[in-house]
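Read through the structure below, which is laid out as structure tokens, and then see the notes.
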Amino acid sequence: MVWDKLAQYIAIATTEWLDWLGIFGEAIARNFLTPNTLDDRFFTLLTFIHIVAPLLLLLVLWIHLQRVTKPRINPKRGLAAGTFLMLVALSFVKPAVSHPPADLAVVPDVLKLDWFYLSAYPLMDHFSNGAVWAFGGVLTFMLFALPWLPPVRRPAAAVVDLNNCNGCERCANDCPFNAIVMRQRSDALPFEQEATVDASLCVGCGICAGSCPTSTPFRRASELIPGIDLPDRSLRAVRDEVEAAAAGLSGESRVIVFGCDHAVPASRLASSGIGTVSLPCIAALPPSFIDYVLSRDLADGVVITGCRDGECFNRYGVDWTKARLAGERDPYLRKRVPRERILTCWAAGADRAALEKQVEVFRATLSALPSPDEDGPNA
Ligand code: SF4
Ligand code: SF4
């Protein structure tokens with residue numbers, strides 16, 4: 001029978017493969033010759049392996065998590081509950097049943113294979129056992145080394161300007177990649193700490209620049225140089241882009257869209273009434289930029305868009321932005337900023353049509369609002 005042959009093939013292939021290592025005292029296949037040759041030590045060994053393997057995985061997971069702050073281990077409750085219910089339902093529809101107790105004197109006539117674990121076996125037909133071990137070893141090593149492999153393109157790391165850093169720690173608290181460490185002050189300014197960036201951990205998301213209290217576009221007396229900034233796309237350059245985008249707007253309901261490079265491309269929304277500015281992460285935008293656009297009448301409304309909720313490319317960009325706009329996390333959006341002139345929309349690339357529709361509806365509501373001069377005193 002086909003299954004008998006398959007079972008024998010698997011048993012022989014497995015034992016031959018393991019025996020190639022030469023670390024076992026005798027051929028492993030002998031263990032399976034009769035029920036008497038299979039003793040408790042074999043099952044003790046299996047139990048040991050099943051405990052050690054997850055512990056090793058836990059160690060690898062721990063090493064990997066050292067590179068990020070506030071790691072999310074558990075999925076959101078809704079997702080966890082939905083997955084649990086789906087698995088329960090699946091277990092009734094297609095239960096995973098065990099084989100009957102093993103009897104080494106009988107060749108099983110049905111053997112349910114797990115192709116996930118046995119997928120390397122066909123390779124043994126074409127290559128030597130040693131080559132398959134080497135392949136498995138290299139693959140395992142590469143997976144193990146993944147956290148240390150260099151990225152395809154390393155973006156420029158954030159740079160601290162000590163003359164503008166007061167050591168408030170906001171950037172260190174907001175950096176999702178553990179790239180900022182607060183150290184003892186190294187200059188003569190009267191602050192205890194200063195921010196330092198580990199360039200090997202920085203991904204260039206700019207979230208730190210968005211969190212720095214000195215990142216305000218209203219600065220005119222001195223240059224807009226925040227305590228921490230991205231060297232290749234500074235906030236000063238972003239302010240220039242905003243002003244240029246606003247200068248090109250015409251018609252009613254002028255809108256500036258601040259987007260994220262990893263979500264719906266903001267430039268796709270551009271039109272005569274919509275100016276766009278894209279950032280490496282939406283949390284790289286200090287909330288004061290929204291105030292700046294509206295209070296300087298650069299536009300009638302502001303759209304803030306980034307990755308879908310829970311899918312932020314830079315881990316916490318969407319969360320921090322929401323908290324800043326809600327006044328729950330520094331730097332807050334000032335109370336005086338009219339909230340009815342701000343639209344937030346979290347959308348992945350596939351949601352572009354929905355985003356466009358929301359922006360159009362938003363522009364229609366803007367045109368129905370009284371002009372800012374008639375809005376009354378600011379809160
Ligand atoms: S947020 Fe700005 S001022 Fe505060 S520690 Fe970081 S760089 Fe310095
Ligand atoms: S750019 Fe992003 S990763 Fe780099 S230090 Fe700032 S917050 Fe951290």
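Here's how to read the names in the structure tokens: chain A, B, ... by the order shown, residue numbers from 1 in each chain, ligand numbers from 1 in the order shown.
By only C-alpha atoms, and with residues fewer than 4 positions from segment 308-315 of chain A along its chain excluded, the set lying at most 9 Å from it is Lys76, Pro176, Phe177, Val203, Cys205, Ile207, His262, Ala263, Pro280, Cys281, Asp319, Cys345, Trp346, Ala347, Ala348 and Asp351 of chain A.
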Give me the chain A side of the contact with ligand 2, cut-off 9 Å, one line per residue showing its nearest atom pair and distance in Å at one decimal, counting only C-alpha atoms and all ligand atoms, sorted by chain and residue number, as a tab-separated table.
```
residue	atom	partner	partner_atom_place_in_ligand_line	distance
A:Ala156	CA	ligand 2	1 (S)	8.4
A:Ala157	CA	ligand 2	4 (Fe)	5.7
A:Ala158	CA	ligand 2	1 (S)	4.9
A:Val159	CA	ligand 2	5 (S)	8.0
A:Cys171	CA	ligand 2	7 (S)	6.6
A:Ala172	CA	ligand 2	8 (Fe)	7.5
A:Asn173	CA	ligand 2	7 (S)	9.0
A:Asp174	CA	ligand 2	7 (S)	6.4
A:Cys175	CA	ligand 2	7 (S)	3.7
A:Pro176	CA	ligand 2	8 (Fe)	6.0
A:Phe177	CA	ligand 2	3 (S)	5.1
A:Asn178	CA	ligand 2	8 (Fe)	6.5
A:Ala179	CA	ligand 2	8 (Fe)	4.9
A:Ile180	CA	ligand 2	5 (S)	5.5
A:Thr196	CA	ligand 2	5 (S)	8.5
A:Val197	CA	ligand 2	5 (S)	5.7
A:Asp198	CA	ligand 2	5 (S)	7.4
A:Ala199	CA	ligand 2	4 (Fe)	7.4
A:Leu201	CA	ligand 2	3 (S)	6.6
A:Cys202	CA	ligand 2	4 (Fe)	3.6
A:Val203	CA	ligand 2	3 (S)	4.5
A:Gly204	CA	ligand 2	1 (S)	3.8
A:Cys205	CA	ligand 2	2 (Fe)	3.9
A:Gly206	CA	ligand 2	1 (S)	3.9
A:Ile207	CA	ligand 2	7 (S)	4.3
A:Cys208	CA	ligand 2	7 (S)	4.1
A:Ala209	CA	ligand 2	6 (Fe)	6.6
A:Gly210	CA	ligand 2	7 (S)	8.5
A:Ser211	CA	ligand 2	7 (S)	8.7
A:Ile228	CA	ligand 2	6 (Fe)	7.7
A:Asp229	CA	ligand 2	6 (Fe)	7.6
A:Leu230	CA	ligand 2	1 (S)	6.7
A:Pro280	CA	ligand 2	1 (S)	9.0
A:Cys281	CA	ligand 2	2 (Fe)	8.7
A:Ala284	CA	ligand 2	7 (S)	8.2
A:Asn314	CA	ligand 2	2 (Fe)	7.8
```
Selected residues, N, CA and C atoms, written as a short mmCIF file (atom, residue, chain, number, x, y, z; two decimals), in the first residue's frame, please.
```
data_model
loop_
_atom_site.label_atom_id
_atom_site.label_comp_id
_atom_site.auth_asym_id
_atom_site.auth_seq_id
_atom_site.Cartn_x
_atom_site.Cartn_y
_atom_site.Cartn_z
N ALA A 156 19.33 58.24 7.28
CA ALA A 156 20.16 59.09 8.14
C ALA A 156 19.55 59.13 9.54
N ALA A 157 20.41 59.00 10.53
CA ALA A 157 19.94 58.97 11.91
C ALA A 157 19.63 60.38 12.40
N ALA A 158 18.74 60.45 13.38
CA ALA A 158 18.40 61.74 13.99
C ALA A 158 19.65 62.34 14.65
N VAL A 159 19.68 63.66 14.68
CA VAL A 159 20.85 64.37 15.24
C VAL A 159 20.36 65.32 16.33
N CYS A 171 11.68 62.94 23.70
CA CYS A 171 12.10 62.18 22.52
C CYS A 171 12.44 60.75 22.90
N ALA A 172 13.10 60.57 24.06
CA ALA A 172 13.47 59.22 24.49
C ALA A 172 12.21 58.41 24.80
N ASN A 173 11.19 59.07 25.36
CA ASN A 173 9.95 58.37 25.69
C ASN A 173 9.16 58.01 24.44
N ASP A 174 9.30 58.81 23.38
CA ASP A 174 8.50 58.57 22.18
C ASP A 174 9.19 57.69 21.14
N CYS A 175 10.51 57.59 21.20
CA CYS A 175 11.21 56.79 20.18
C CYS A 175 10.77 55.33 20.29
N PRO A 176 10.22 54.77 19.21
CA PRO A 176 9.72 53.39 19.29
C PRO A 176 10.84 52.35 19.15
N PHE A 177 12.07 52.80 18.88
CA PHE A 177 13.11 51.83 18.55
C PHE A 177 14.30 51.88 19.53
N ASN A 178 14.06 52.43 20.70
CA ASN A 178 15.07 52.40 21.75
C ASN A 178 16.37 53.08 21.32
N ALA A 179 16.28 54.05 20.41
CA ALA A 179 17.50 54.62 19.83
C ALA A 179 17.99 55.85 20.60
N ILE A 180 17.22 56.31 21.58
CA ILE A 180 17.63 57.53 22.30
C ILE A 180 17.87 57.21 23.76
N THR A 196 20.96 61.50 23.53
CA THR A 196 21.97 60.99 22.60
C THR A 196 21.33 59.91 21.74
N VAL A 197 21.70 59.86 20.47
CA VAL A 197 21.07 58.93 19.53
C VAL A 197 22.04 57.81 19.19
N ASP A 198 21.57 56.58 19.27
CA ASP A 198 22.35 55.42 18.81
C ASP A 198 22.00 55.22 17.33
N ALA A 199 22.91 55.65 16.46
CA ALA A 199 22.62 55.63 15.01
C ALA A 199 22.35 54.21 14.50
N LEU A 201 20.53 52.02 15.84
CA LEU A 201 19.14 51.62 16.13
C LEU A 201 18.13 52.55 15.47
N CYS A 202 18.58 53.74 15.08
CA CYS A 202 17.65 54.74 14.54
C CYS A 202 17.19 54.34 13.14
N VAL A 203 15.88 54.43 12.90
CA VAL A 203 15.34 54.10 11.57
C VAL A 203 14.94 55.36 10.80
N GLY A 204 15.19 56.52 11.39
CA GLY A 204 14.89 57.78 10.68
C GLY A 204 13.41 58.08 10.57
N CYS A 205 12.63 57.68 11.56
CA CYS A 205 11.19 57.91 11.48
C CYS A 205 10.82 59.36 11.78
N GLY A 206 11.69 60.07 12.51
CA GLY A 206 11.42 61.48 12.82
C GLY A 206 10.44 61.71 13.95
N ILE A 207 9.98 60.65 14.60
CA ILE A 207 9.00 60.81 15.69
C ILE A 207 9.58 61.68 16.81
N CYS A 208 10.88 61.54 17.04
CA CYS A 208 11.53 62.33 18.10
C CYS A 208 11.44 63.82 17.78
N ALA A 209 11.63 64.17 16.50
CA ALA A 209 11.54 65.59 16.12
C ALA A 209 10.12 66.10 16.37
N GLY A 210 9.14 65.23 16.12
CA GLY A 210 7.75 65.63 16.35
C GLY A 210 7.42 65.80 17.82
N SER A 211 8.23 65.21 18.69
CA SER A 211 7.91 65.28 20.13
C SER A 211 8.68 66.38 20.85
N ILE A 228 16.22 67.96 18.47
CA ILE A 228 16.56 66.74 17.72
C ILE A 228 15.83 66.81 16.39
N ASP A 229 16.52 66.40 15.32
CA ASP A 229 15.93 66.56 13.98
C ASP A 229 16.55 65.55 13.03
N LEU A 230 15.88 65.33 11.90
CA LEU A 230 16.47 64.48 10.86
C LEU A 230 17.36 65.34 9.98
N PRO A 280 8.16 60.97 7.03
CA PRO A 280 8.51 59.55 7.21
C PRO A 280 7.57 58.83 8.17
N CYS A 281 6.93 59.58 9.05
CA CYS A 281 5.91 59.04 9.95
C CYS A 281 5.02 60.20 10.32
N ALA A 284 6.03 62.43 13.09
CA ALA A 284 7.16 63.37 12.94
C ALA A 284 6.64 64.80 12.84
N ASN A 314 5.89 52.58 11.86
CA ASN A 314 6.89 52.92 12.89
C ASN A 314 6.36 52.64 14.29
#
```
Would you give me, as a compact mmCIF listing (two decimals) with C-alpha atoms, in the first residue's frame, the residues in segment 77-212 of chain A that DSSP reads as strand (DSSP E)?
```txt
# COMPACT_ATOMS: atom_id res chain seq x y z
CA VAL A 159 20.85 64.37 15.24
CA VAL A 160 20.73 66.19 18.57
CA ILE A 180 17.63 57.53 22.30
CA VAL A 181 19.39 57.43 25.65
CA MET A 182 19.47 60.28 28.12
CA ARG A 183 22.97 60.97 29.46
CA GLN A 184 24.57 63.38 31.84
CA GLN A 193 20.54 65.56 30.95
CA GLU A 194 20.96 65.55 27.21
CA ALA A 195 19.58 63.26 24.52
CA THR A 196 21.97 60.99 22.60
CA VAL A 197 21.07 58.93 19.53
```
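Excluding segment 115-125 of chain A itself and same-chain residues fewer than 2 positions from it, the residues having an atom within 9 Å of it are Ile10, Ala13, Thr14, Trp17, Leu113, Phe127, Ser128, Asn129, Ala131, Val132 and Gly136 of chain A, counting only C-alpha atoms.
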Kindly indicate which residue among A:Cys212, A:Leu45, A:Leu33, A:Ile282 lies nearest to ligand 1, using only C-alpha atoms and all ligand atoms for the distances. A:Cys212
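Residue nearest Pro265 of chain A within the list A:Gly227, A:Thr214, A:Ser288, A:Ala353: A:Ala353 [criterion: smallest interatomic distance, only C-alpha atoms].
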Take atom CA of Val359 of chain A and atom CA of Leu325 of chain A and report the distance between them in Å, one decimal. 18.5 Å
